[in-house]
Amino acid sequence: MHEMSIAQSIVDIVEKELVSHGVEQLKAVNIAVGKWAAVVPEQLAFCFSIVTADTNMAGATLNIKEVPLGYTCSACGEEFASGEMAIVCPKCGDTNITLTNGRELTIESIEVAD
Ligand SMILES: [Zn+2]
């Protein structure tokens, strides 16, 4: 499952952070997922709970924020966001646009127990 390997890589990164800061208990992980990353938030949260079940991260919450698709027009330089796959620039109508935001999955912050 796609989400399972993503959950595992999130856990790997978070674990390194916890170790480097000497923190033992994790409360929550806040991530941002682009709409184009093809991730089902519910499935990712479910996989996260499975991967963390036998670790010191058990019970931690995975908060997932969806990032809208962002584009840049090569013709006029316009940057715009779209909820759907865009094909033309809303400013100049050119079709030479590039998807610049929405593919990524980033860990924005980690919340730890006091
Ligand atoms: Zn344009």
# chains A, B, ... in the order shown; residues from 1 in each chain; ligands from 1
call {"tool": "residues_near_ligand", "arguments": {"ligand": "ligand 1", "cutoff": "8 Å", "atoms": "only C-alpha atoms and all ligand atoms", "output": "list in words"}}
result
Thr72, Cys73, Ser74, Ala75, Cys76, Gly77, Glu78, Val88, Cys89, Pro90, Lys91, Cys92, Gly93, Asp94, Thr95, Asn96 and Ile97 of chain A
call {"tool": "closest_residue", "arguments": {"among": "A:Trp36, A:Phe80, A:Tyr71, A:Phe48", "to": "A:Asp12", "atoms": "only C-alpha atoms"}}
result
A:Phe48
call {"tool": "select_by_dssp", "arguments": {"residues": "chain A", "states": "strand (DSSP E)", "output": "PyMOL selection string"}}
result
chain A and resi 26-34+61-67+69-73+79-82+97-101+105-112
call {"tool": "closest_residue", "arguments": {"among": "A:Pro68, A:Gly59, A:Gly22, A:Gly34", "to": "A:Glu84", "atoms": "only C-alpha atoms"}}
result
A:Pro68
call {"tool": "atom_distance", "arguments": {"atom1": "atom CA of A:Asn30", "atom2": "atom CA of A:Val14"}}
result
10.7 Å
call {"tool": "residues_around", "arguments": {"residues": "A:Ala7", "least_positions_apart": "5", "cutoff": "12 Å", "atoms": "only C-alpha atoms", "output": "mmCIF file with N, CA and C atoms, in the first residue's frame"}}
result
data_model
loop_
_atom_site.group_PDB
_atom_site.id
_atom_site.type_symbol
_atom_site.label_atom_id
_atom_site.label_comp_id
_atom_site.auth_asym_id
_atom_site.auth_seq_id
_atom_site.Cartn_x
_atom_site.Cartn_y
_atom_site.Cartn_z
ATOM 1 N N MET A 1 0.840 -1.202 0.000
ATOM 2 C CA MET A 1 0.000 0.000 0.000
ATOM 3 C C MET A 1 0.878 1.256 0.000
ATOM 4 N N HIS A 2 0.560 2.151 -0.887
ATOM 5 C CA HIS A 2 1.221 3.442 -1.047
ATOM 6 C C HIS A 2 1.346 4.205 0.287
ATOM 7 N N ASP A 12 10.206 7.384 10.290
ATOM 8 C CA ASP A 12 11.678 7.372 10.293
ATOM 9 C C ASP A 12 12.237 8.771 10.537
ATOM 10 N N ILE A 13 11.654 9.750 9.848
ATOM 11 C CA ILE A 13 12.121 11.128 9.985
ATOM 12 C C ILE A 13 11.837 11.660 11.392
ATOM 13 N N VAL A 14 10.615 11.424 11.857
ATOM 14 C CA VAL A 14 10.221 11.908 13.186
ATOM 15 C C VAL A 14 11.084 11.274 14.271
ATOM 16 N N VAL A 29 2.042 14.845 14.943
ATOM 17 C CA VAL A 29 2.855 15.238 13.803
ATOM 18 C C VAL A 29 1.934 15.991 12.852
ATOM 19 N N ILE A 31 1.488 17.401 9.156
ATOM 20 C CA ILE A 31 2.052 17.329 7.816
ATOM 21 C C ILE A 31 1.157 18.052 6.807
ATOM 22 N N VAL A 39 -2.531 10.974 -2.014
ATOM 23 C CA VAL A 39 -2.581 10.341 -0.708
ATOM 24 C C VAL A 39 -3.998 10.460 -0.157
ATOM 25 N N VAL A 40 -4.515 9.370 0.371
ATOM 26 C CA VAL A 40 -5.828 9.410 1.017
ATOM 27 C C VAL A 40 -5.567 9.669 2.504
ATOM 28 N N PRO A 41 -5.937 10.858 2.992
ATOM 29 C CA PRO A 41 -5.632 11.230 4.379
ATOM 30 C C PRO A 41 -6.058 10.194 5.412
ATOM 31 N N GLU A 42 -7.267 9.656 5.270
ATOM 32 C CA GLU A 42 -7.753 8.675 6.251
ATOM 33 C C GLU A 42 -6.875 7.423 6.262
ATOM 34 N N GLN A 43 -6.470 6.995 5.067
ATOM 35 C CA GLN A 43 -5.628 5.798 4.990
ATOM 36 C C GLN A 43 -4.248 6.055 5.565
ATOM 37 N N LEU A 44 -3.723 7.253 5.319
ATOM 38 C CA LEU A 44 -2.402 7.584 5.831
ATOM 39 C C LEU A 44 -2.426 7.634 7.354
ATOM 40 N N ALA A 45 -3.478 8.232 7.922
ATOM 41 C CA ALA A 45 -3.608 8.310 9.380
ATOM 42 C C ALA A 45 -3.724 6.903 9.965
ATOM 43 N N PHE A 46 -4.460 6.041 9.286
ATOM 44 C CA PHE A 46 -4.631 4.663 9.736
ATOM 45 C C PHE A 46 -3.292 3.918 9.692
ATOM 46 N N CYS A 47 -2.551 4.066 8.613
ATOM 47 C CA CYS A 47 -1.246 3.413 8.473
ATOM 48 C C CYS A 47 -0.266 3.940 9.520
ATOM 49 N N PHE A 48 -0.353 5.236 9.781
ATOM 50 C CA PHE A 48 0.529 5.849 10.784
ATOM 51 C C PHE A 48 0.296 5.191 12.149
ATOM 52 N N SER A 49 -0.983 4.957 12.490
ATOM 53 C CA SER A 49 -1.286 4.348 13.789
ATOM 54 C C SER A 49 -0.773 2.913 13.871
ATOM 55 N N ILE A 50 -0.763 2.225 12.731
ATOM 56 C CA ILE A 50 -0.248 0.845 12.704
ATOM 57 C C ILE A 50 1.281 0.835 12.859
ATOM 58 N N VAL A 51 1.944 1.707 12.086
ATOM 59 C CA VAL A 51 3.409 1.753 12.104
ATOM 60 C C VAL A 51 3.938 2.178 13.475
ATOM 61 N N THR A 52 3.196 3.044 14.159
ATOM 62 C CA THR A 52 3.672 3.556 15.447
ATOM 63 C C THR A 52 3.219 2.708 16.635
ATOM 64 N N LEU A 62 -1.698 12.066 13.814
ATOM 65 C CA LEU A 62 -1.154 12.567 12.563
ATOM 66 C C LEU A 62 -2.168 13.567 12.007
ATOM 67 N N ILE A 64 -3.239 16.005 9.155
ATOM 68 C CA ILE A 64 -2.953 16.150 7.733
ATOM 69 C C ILE A 64 -3.663 17.372 7.154
ATOM 70 N N LEU A 105 4.943 16.203 0.034
ATOM 71 C CA LEU A 105 4.434 15.831 1.341
ATOM 72 C C LEU A 105 5.496 16.298 2.315
ATOM 73 N N THR A 106 5.153 17.251 3.159
ATOM 74 C CA THR A 106 6.159 17.789 4.071
ATOM 75 C C THR A 106 5.696 17.702 5.509
ATOM 76 N N ILE A 107 6.664 17.462 6.379
ATOM 77 C CA ILE A 107 6.384 17.479 7.824
ATOM 78 C C ILE A 107 6.552 18.924 8.272
#
call {"tool": "select_by_dssp", "arguments": {"residues": "chain A", "states": "helix (DSSP H, G or I)", "output": "PyMOL selection string"}}
result
chain A and resi 2-20+35-37+41-52
call {"tool": "closest_residue", "arguments": {"among": "A:Val19, A:Ala81, A:Val33, A:Ala38", "to": "A:Lys65", "atoms": "only C-alpha atoms"}}
result
A:Val33
call {"tool": "closest_residue", "arguments": {"among": "A:Ser20, A:Asn101, A:Gln25, A:Thr55", "to": "A:Ala113", "atoms": "only C-alpha atoms"}}
result
A:Gln25
call {"tool": "decode", "arguments": {"residues": "stretch 9-41 of chain A", "atoms": "N, CA and C atoms", "output": "compact mmCIF listing (two decimals), in the first residue's frame"}}
result
# COMPACT_ATOMS: atom_id res chain seq x y z
N SER A 9 8.05 6.26 6.23
CA SER A 9 9.09 7.26 6.06
C SER A 9 8.87 8.47 6.97
N ILE A 10 7.61 8.80 7.24
CA ILE A 10 7.33 9.89 8.19
C ILE A 10 7.86 9.49 9.56
N VAL A 11 7.56 8.26 9.96
CA VAL A 11 8.00 7.77 11.27
C VAL A 11 9.53 7.77 11.37
N ASP A 12 10.21 7.38 10.29
CA ASP A 12 11.68 7.37 10.29
C ASP A 12 12.24 8.77 10.54
N ILE A 13 11.65 9.75 9.85
CA ILE A 13 12.12 11.13 9.99
C ILE A 13 11.84 11.66 11.39
N VAL A 14 10.61 11.42 11.86
CA VAL A 14 10.22 11.91 13.19
C VAL A 14 11.08 11.27 14.27
N GLU A 15 11.38 10.00 14.11
CA GLU A 15 12.19 9.31 15.11
C GLU A 15 13.57 9.95 15.25
N LYS A 16 14.17 10.29 14.11
CA LYS A 16 15.48 10.96 14.13
C LYS A 16 15.39 12.29 14.85
N GLU A 17 14.29 13.03 14.60
CA GLU A 17 14.08 14.32 15.26
C GLU A 17 13.98 14.14 16.77
N LEU A 18 13.21 13.16 17.18
CA LEU A 18 13.00 12.92 18.61
C LEU A 18 14.32 12.58 19.28
N VAL A 19 15.11 11.72 18.63
CA VAL A 19 16.40 11.32 19.19
C VAL A 19 17.34 12.52 19.28
N SER A 20 17.39 13.32 18.20
CA SER A 20 18.33 14.44 18.20
C SER A 20 17.95 15.51 19.22
N HIS A 21 16.68 15.56 19.63
CA HIS A 21 16.26 16.54 20.62
C HIS A 21 16.08 15.91 22.01
N GLY A 22 16.39 14.63 22.11
CA GLY A 22 16.28 13.96 23.40
C GLY A 22 14.85 13.86 23.91
N VAL A 23 13.90 13.82 23.00
CA VAL A 23 12.49 13.74 23.39
C VAL A 23 12.01 12.29 23.30
N GLU A 24 11.23 11.87 24.28
CA GLU A 24 10.78 10.48 24.26
C GLU A 24 9.33 10.30 23.87
N GLN A 25 8.51 11.31 24.16
CA GLN A 25 7.09 11.11 23.85
C GLN A 25 6.55 12.10 22.84
N LEU A 26 5.96 11.53 21.82
CA LEU A 26 5.40 12.32 20.74
C LEU A 26 3.90 12.50 20.93
N LYS A 27 3.41 13.73 20.74
CA LYS A 27 1.97 13.96 20.85
C LYS A 27 1.31 13.99 19.48
N ALA A 28 1.94 14.71 18.56
CA ALA A 28 1.33 14.83 17.23
C ALA A 28 2.34 15.21 16.17
N VAL A 29 2.04 14.84 14.94
CA VAL A 29 2.85 15.24 13.80
C VAL A 29 1.93 15.99 12.85
N ASN A 30 2.35 17.18 12.43
CA ASN A 30 1.55 17.96 11.50
C ASN A 30 2.21 17.93 10.13
N ILE A 31 1.49 17.40 9.16
CA ILE A 31 2.05 17.33 7.82
C ILE A 31 1.16 18.05 6.81
N ALA A 32 1.77 18.45 5.72
CA ALA A 32 1.04 19.08 4.63
C ALA A 32 1.19 18.18 3.41
N VAL A 33 0.07 17.84 2.81
CA VAL A 33 0.08 16.95 1.65
C VAL A 33 -0.54 17.66 0.45
N GLY A 34 0.19 17.69 -0.63
CA GLY A 34 -0.34 18.29 -1.84
C GLY A 34 -1.45 17.44 -2.43
N LYS A 35 -2.42 18.09 -3.05
CA LYS A 35 -3.53 17.34 -3.65
C LYS A 35 -3.06 16.37 -4.71
N TRP A 36 -1.92 16.69 -5.31
CA TRP A 36 -1.40 15.87 -6.39
C TRP A 36 -0.54 14.72 -5.89
N ALA A 37 -0.32 14.62 -4.59
CA ALA A 37 0.51 13.56 -4.03
C ALA A 37 -0.24 12.23 -3.99
N ALA A 38 -1.52 12.26 -4.33
CA ALA A 38 -2.33 11.04 -4.39
C ALA A 38 -2.33 10.26 -3.09
N VAL A 39 -2.53 10.97 -2.01
CA VAL A 39 -2.58 10.34 -0.71
C VAL A 39 -4.00 10.46 -0.16
N VAL A 40 -4.52 9.37 0.37
CA VAL A 40 -5.83 9.41 1.02
C VAL A 40 -5.57 9.67 2.50
N PRO A 41 -5.94 10.86 2.99
CA PRO A 41 -5.63 11.23 4.38
C PRO A 41 -6.06 10.19 5.41
